[in-house]
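Next up, upload09.cif (mmCIF, C-alpha atoms):
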data_protein
#
loop_
_atom_site.group_PDB
_atom_site.id
_atom_site.type_symbol
_atom_site.label_atom_id
_atom_site.label_comp_id
_atom_site.auth_asym_id
_atom_site.auth_seq_id
_atom_site.Cartn_x
_atom_site.Cartn_y
_atom_site.Cartn_z
ATOM 1 C CA MET A 893 -16.732 1.273 -30.128
ATOM 2 C CA GLU A 894 -14.183 4.079 -30.012
ATOM 3 C CA ILE A 895 -11.473 4.020 -27.334
ATOM 4 C CA SER A 896 -9.389 7.124 -26.589
ATOM 5 C CA PHE A 897 -6.485 7.204 -24.155
ATOM 6 C CA LEU A 898 -6.782 10.427 -22.166
ATOM 7 C CA SER A 899 -3.737 9.847 -19.967
ATOM 8 C CA GLU A 900 -1.647 6.960 -18.610
ATOM 9 C CA ASN A 901 -4.415 6.247 -16.099
ATOM 10 C CA SER A 902 -7.618 7.021 -17.982
ATOM 11 C CA VAL A 903 -9.501 6.213 -21.158
ATOM 12 C CA SER A 904 -12.835 7.117 -22.678
ATOM 13 C CA VAL A 905 -15.002 4.600 -24.494
ATOM 14 C CA TYR A 906 -17.747 5.764 -26.860
ATOM 15 C CA ILE A 907 -20.398 3.218 -27.840
ATOM 16 C CA THR A 908 -23.199 4.026 -30.264
ATOM 17 C CA LYS A 909 -26.783 2.895 -29.808
ATOM 18 C CA GLU A 910 -26.380 0.631 -32.849
ATOM 19 C CA GLU A 911 -23.290 -1.041 -31.359
ATOM 20 C CA LEU A 912 -25.170 -1.676 -28.107
ATOM 21 C CA LEU A 913 -28.095 -3.209 -29.980
ATOM 22 C CA CYS A 914 -25.709 -5.421 -32.023
ATOM 23 C CA ARG A 915 -24.365 -6.772 -28.718
ATOM 24 C CA GLY A 916 -27.870 -7.470 -27.428
ATOM 25 C CA VAL A 917 -27.805 -4.599 -24.927
ATOM 26 C CA SER A 918 -30.761 -2.245 -24.631
ATOM 27 C CA PRO A 919 -29.664 1.398 -24.362
ATOM 28 C CA ASP A 920 -32.643 2.008 -22.049
ATOM 29 C CA SER A 921 -31.470 -0.516 -19.443
ATOM 30 C CA PHE A 922 -27.728 0.059 -19.826
ATOM 31 C CA GLY A 923 -26.132 -0.011 -16.375
ATOM 32 C CA ALA A 924 -23.067 -1.008 -14.374
ATOM 33 C CA ASP A 925 -23.168 -4.714 -15.295
ATOM 34 C CA GLU A 926 -23.413 -4.010 -19.016
ATOM 35 C CA ALA A 927 -20.706 -1.342 -18.722
ATOM 36 C CA ALA A 928 -18.358 -3.840 -17.038
ATOM 37 C CA LEU A 929 -18.909 -6.418 -19.807
ATOM 38 C CA LEU A 930 -18.290 -3.880 -22.573
ATOM 39 C CA LEU A 931 -15.230 -2.473 -20.808
ATOM 40 C CA ARG A 932 -13.732 -5.956 -20.465
ATOM 41 C CA GLU A 933 -14.283 -6.379 -24.205
ATOM 42 C CA ALA A 934 -12.700 -2.994 -24.920
ATOM 43 C CA ILE A 935 -9.744 -2.896 -22.532
ATOM 44 C CA GLY A 936 -9.469 -6.366 -20.991
ATOM 45 C CA ASP A 937 -9.399 -7.497 -17.361
ATOM 46 C CA GLY A 938 -7.509 -4.376 -16.341
ATOM 47 C CA ILE A 939 -10.763 -2.696 -15.307
ATOM 48 C CA ASP A 940 -10.507 -4.050 -11.763
ATOM 49 C CA GLY A 941 -9.504 -1.182 -9.497
ATOM 50 C CA CYS A 942 -11.013 1.430 -11.827
ATOM 51 C CA GLU A 943 -13.600 4.127 -11.343
ATOM 52 C CA VAL A 944 -16.129 4.372 -14.164
ATOM 53 C CA GLU A 945 -18.363 7.321 -15.036
ATOM 54 C CA LEU A 946 -21.256 6.616 -17.386
ATOM 55 C CA TYR A 947 -23.049 9.150 -19.574
ATOM 56 C CA SER A 948 -25.871 8.383 -21.980
ATOM 57 C CA SER A 949 -27.544 10.542 -24.596
ATOM 58 C CA GLY A 950 -29.946 9.440 -27.300
ATOM 59 C CA GLY A 951 -29.000 5.811 -26.704
ATOM 60 C CA ASP A 952 -25.267 6.395 -27.236
ATOM 61 C CA VAL A 953 -23.021 5.797 -24.241
ATOM 62 C CA MET A 954 -19.776 7.447 -23.140
ATOM 63 C CA LEU A 955 -17.692 5.807 -20.412
ATOM 64 C CA PHE A 956 -14.777 7.479 -18.653
ATOM 65 C CA VAL A 957 -12.498 4.990 -16.932
ATOM 66 C CA GLU A 958 -9.785 5.973 -14.455
ATOM 67 C CA ARG A 959 -7.424 3.513 -12.815
ATOM 68 C CA LEU A 960 -7.396 3.864 -9.021
ATOM 69 C CA GLU A 961 -5.153 0.897 -8.370
ATOM 70 C CA ALA A 962 -2.669 1.165 -5.549
ATOM 71 C CA ALA A 963 0.924 1.668 -6.542
ATOM 72 C CA ALA A 964 2.543 -1.544 -7.710
ATOM 73 C CA TRP A 965 6.145 -2.634 -7.962
ATOM 74 C CA TYR A 966 6.873 -5.254 -10.600
ATOM 75 C CA TYR A 967 9.801 -7.685 -10.386
ATOM 76 C CA TYR A 968 11.072 -10.013 -13.072
ATOM 77 C CA PHE A 969 12.523 -13.386 -12.003
ATOM 78 C CA ALA A 970 14.450 -15.507 -14.504
ATOM 79 C CA GLY A 971 13.550 -18.744 -12.720
ATOM 80 C CA LEU A 972 11.394 -20.338 -10.053
ATOM 81 C CA GLU A 973 14.334 -20.808 -7.667
ATOM 82 C CA GLU A 974 14.999 -17.061 -7.557
ATOM 83 C CA LEU A 975 11.308 -16.333 -7.054
ATOM 84 C CA ILE A 976 11.014 -18.769 -4.139
ATOM 85 C CA ALA A 977 14.169 -17.417 -2.510
ATOM 86 C CA ALA A 978 12.882 -13.837 -2.723
ATOM 87 C CA VAL A 979 9.442 -14.789 -1.398
ATOM 88 C CA SER A 980 11.111 -16.382 1.625
ATOM 89 C CA LEU A 981 12.397 -12.905 2.607
ATOM 90 C CA ILE A 982 9.254 -10.806 2.383
ATOM 91 C CA SER A 983 6.002 -10.558 4.297
ATOM 92 C CA PRO A 984 2.786 -11.762 2.701
ATOM 93 C CA LEU A 985 1.202 -8.694 1.140
ATOM 94 C CA PRO A 986 -1.177 -7.996 -1.705
ATOM 95 C CA SER A 987 0.514 -9.422 -4.772
ATOM 96 C CA SER A 988 -0.025 -11.125 -8.120
ATOM 97 C CA LEU A 989 2.179 -13.504 -10.090
ATOM 98 C CA TRP A 990 2.394 -14.138 -13.847
ATOM 99 C CA TYR A 991 4.401 -16.588 -15.918
ATOM 100 C CA THR A 992 5.949 -15.418 -19.196
ATOM 101 C CA GLU A 993 7.936 -17.393 -21.765
ATOM 102 C CA SER A 994 11.167 -16.172 -20.198
ATOM 103 C CA GLY A 995 10.389 -16.095 -16.465
ATOM 104 C CA TYR A 996 8.050 -14.805 -13.756
ATOM 105 C CA VAL A 997 6.667 -11.357 -12.967
ATOM 106 C CA LEU A 998 5.666 -10.608 -9.369
ATOM 107 C CA ALA A 999 3.603 -7.489 -8.607
ATOM 108 C CA LEU A 1000 3.621 -6.161 -5.056
ATOM 109 C CA PHE A 1001 0.796 -3.709 -4.313
ATOM 110 C CA GLY A 1002 0.606 -0.794 -1.921
ATOM 111 C CA ALA A 1003 3.962 -1.331 -0.225
ATOM 112 C CA GLU A 1004 7.384 0.154 -0.699
ATOM 113 C CA ALA A 1005 9.724 -1.854 -2.869
ATOM 114 C CA ASP A 1006 11.738 -4.301 -0.779
ATOM 115 C CA MET A 1007 15.447 -3.958 -1.569
ATOM 116 C CA ARG A 1008 16.121 -7.586 -0.567
ATOM 117 C CA ILE A 1009 14.234 -8.738 -3.646
ATOM 118 C CA SER A 1010 16.813 -7.063 -5.885
ATOM 119 C CA GLU A 1011 19.262 -9.874 -5.052
ATOM 120 C CA TYR A 1012 17.011 -12.263 -6.946
ATOM 121 C CA ALA A 1013 15.026 -10.124 -9.377
ATOM 122 C CA ARG A 1014 15.155 -7.107 -11.621
ATOM 123 C CA GLU A 1015 12.686 -4.331 -10.802
ATOM 124 C CA LEU A 1016 10.665 -3.419 -13.874
ATOM 125 C CA LYS A 1017 9.916 0.235 -14.587
ATOM 126 C CA VAL A 1018 6.488 0.068 -16.207
ATOM 127 C CA ASN A 1019 3.512 2.255 -17.052
ATOM 128 C CA PRO A 1020 0.220 2.002 -15.109
ATOM 129 C CA LEU A 1021 -1.362 -0.218 -17.774
ATOM 130 C CA PHE A 1022 1.336 -2.907 -17.525
ATOM 131 C CA SER A 1023 -1.081 -5.323 -15.847
ATOM 132 C CA ASP A 1024 -3.212 -5.140 -19.007
ATOM 133 C CA HIS A 1025 -0.150 -6.129 -21.044
ATOM 134 C CA LEU A 1026 0.485 -9.053 -18.699
ATOM 135 C CA SER A 1027 -3.108 -10.247 -18.967
ATOM 136 C CA GLU A 1028 -2.603 -10.482 -22.751
ATOM 137 C CA HIS A 1029 0.947 -11.831 -22.946
ATOM 138 C CA ALA A 1030 1.470 -13.839 -19.767
ATOM 139 C CA ARG A 1031 -0.334 -16.535 -17.782
ATOM 140 C CA LEU A 1032 -1.752 -15.446 -14.432
ATOM 141 C CA ILE A 1033 -0.695 -17.856 -11.692
ATOM 142 C CA ALA A 1034 -2.038 -16.095 -8.589
ATOM 143 C CA ARG A 1035 -3.972 -12.873 -8.023
ATOM 144 C CA GLY A 1036 -4.261 -10.976 -4.775
ATOM 145 C CA ASN A 1037 -2.208 -13.155 -2.412
ATOM 146 C CA ALA A 1038 0.598 -14.601 -4.543
ATOM 147 C CA VAL A 1039 3.291 -14.216 -1.874
ATOM 148 C CA LYS A 1040 1.149 -15.989 0.744
ATOM 149 C CA GLU A 1041 0.235 -18.758 -1.701
ATOM 150 C CA LEU A 1042 3.904 -19.325 -2.583
ATOM 151 C CA LYS A 1043 4.900 -19.366 1.085
ATOM 152 C CA ASP A 1044 2.135 -21.849 1.870
ATOM 153 C CA ALA A 1045 3.145 -24.046 -1.071
ATOM 154 C CA PHE A 1046 6.913 -24.061 -0.558
ATOM 155 C CA PHE A 1047 7.445 -23.517 3.171
ATOM 156 C CA ARG A 1048 5.974 -25.364 6.109
ATOM 157 C CA GLY A 1049 3.141 -23.361 7.595
ATOM 158 C CA GLY A 1050 4.034 -20.292 5.544
ATOM 159 C CA SER A 1051 7.341 -19.833 7.387
ATOM 160 C CA LYS A 1052 9.473 -16.940 6.147
ATOM 161 C CA LYS A 1053 12.648 -19.036 6.111
ATOM 162 C CA MET A 1054 13.935 -21.314 3.381
ATOM 163 C CA PRO A 1055 13.617 -25.016 4.309
ATOM 164 C CA GLU A 1056 16.840 -26.850 5.057
ATOM 165 C CA ASN A 1057 17.722 -29.918 2.998
#
Any chance you could give the structure as structure tokens?
Amino acid sequence: MEISFLSENSVSVYITKEELLCRGVSPDSFGADEAALLLREAIGDGIDGCEVELYSSGGDVMLFVERLEAAAWYYYFAGLEELIAAVSLISPLPSSLWYTESGYVLALFGAEADMRISEYARELKVNPLFSDHLSEHARLIARGNAVKELKDAFFRGGSKKMPEN
């Protein structure tokens, strides 16, 4: 399997007929499901939110993968307290949360960066494949609705305000 990075948002993956057969995949019945499995093997879970073009010739397969993911803003939090405080200020929106050895990374998707978060976190300037890096080097805590899940877990009824002691 040969992987070539064409740009920050796209890669090509070339798979020979022999490589397909070694993986128990028939080149004659190669389709979307088999392509997804091989792409996960080649580039990890980062294929979600990607468009894939498939070309086959003589049993060999060429895949072109382009990331279509909505813009994401990534924030690094040194501790859980800072993360919870920041979440109390923002609306539930598409988001994912990872835990690293040194803190938490919150990704907010498809919305402008919220300046109030900067009181509690450092905005990370990353490349479009950063989520792939996180899937390898961090533990995913919540995908899709992380802000809502944190609000539900730490605030009564998902209230936007910090609870009083």
inquiry  = Report, in Å to a single decimal, how far apart atom CA of Glu943 of chain A and atom CA of Glu1041 of chain A are.
reply    =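 So the two atoms, atom CA of Glu1041 of chain A and atom CA of Glu943 of chain A, lie 28.4 Å apart.
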inquiry  = If we draw a sphere of 10 Å around (-16.8, 7.9, -17.2), which residues have at least one atom in it when counting only C-alpha atoms? Please report them as a VMD selection string.
reply    = chain A and resid 902 to 906 943 to 947 953 to 958
ask   = Just so the selection is clear, what residues does the PyMOL selection byres ((chain A and resi 970-978) around 9) cover here, as a list in words?
value =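 When the PyMOL selection byres ((chain A and resi 970-978) around 9) is applied to the shown file, the picked residues are Tyr968, Phe969, Val979, Ser980, Leu981, Ile982, Ser994, Gly995, Tyr996, Val997, Leu998, Arg1008, Ile1009, Ser1010, Glu1011, Tyr1012, Ala1013, Arg1014, Leu1042, Lys1043, Phe1046, Lys1053 and Met1054 of chain A.
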note = re atom CA of Ser948 of chain A and atom CA of Ser896 of chain A: distance 17.2 Å
ask   = Applied to the shown file, which residues does the PyMOL selection byres ((chain A and resi 1015) around 6) return, written as a list in words?
value =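 What the PyMOL selection byres ((chain A and resi 1015) around 6) grabs from the file is Tyr966, Tyr967, Arg1014 and Leu1016 of chain A.
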Atom pair atom CA of Val1018 of chain A / atom CA of Glu894 of chain A: separation (Å) = 25.2 Å
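Of the residues listed (A:Arg1031, A:His1025, A:Lys909, A:Lys1040), A:Lys1040 shows the shortest atom-to-atom separation from Leu1000 of chain A; distances use all atoms listed in the file.
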key: Selection as a count of residues only: residues within 8 Å of (3.9, -13.6, -23.3), counting only C-alpha atoms   = 8
message = Need the shell around Glu911 of chain A: protein/DNA/RNA residues with any atom at most 12 Å away, counting all atoms listed in the file. Skip same-chain ones fewer than 2 positions apart. Format as JSON, numbers by chain?
response = {"A": [893, 894, 906, 907, 908, 909, 913, 914, 915, 916, 917, 918, 919, 930, 951, 952, 953]}
Go through the shown structure with the PyMOL selection byres ((chain A and resi 1034) around 9) and write out the matching residues as a CSV table (one decimal) with C-alpha atoms, keeping the file's coordinate frame.
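Produced file selection.csv, reproduced below:
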chain,number,residue,atom,x,y,z
A,987,SER,CA,0.5,-9.4,-4.8
A,988,SER,CA,0.0,-11.1,-8.1
A,989,LEU,CA,2.2,-13.5,-10.1
A,990,TRP,CA,2.4,-14.1,-13.8
A,1032,LEU,CA,-1.8,-15.4,-14.4
A,1033,ILE,CA,-0.7,-17.9,-11.7
A,1035,ARG,CA,-4.0,-12.9,-8.0
A,1036,GLY,CA,-4.3,-11.0,-4.8
A,1037,ASN,CA,-2.2,-13.2,-2.4
A,1038,ALA,CA,0.6,-14.6,-4.5
A,1039,VAL,CA,3.3,-14.2,-1.9
A,1041,GLU,CA,0.2,-18.8,-1.7
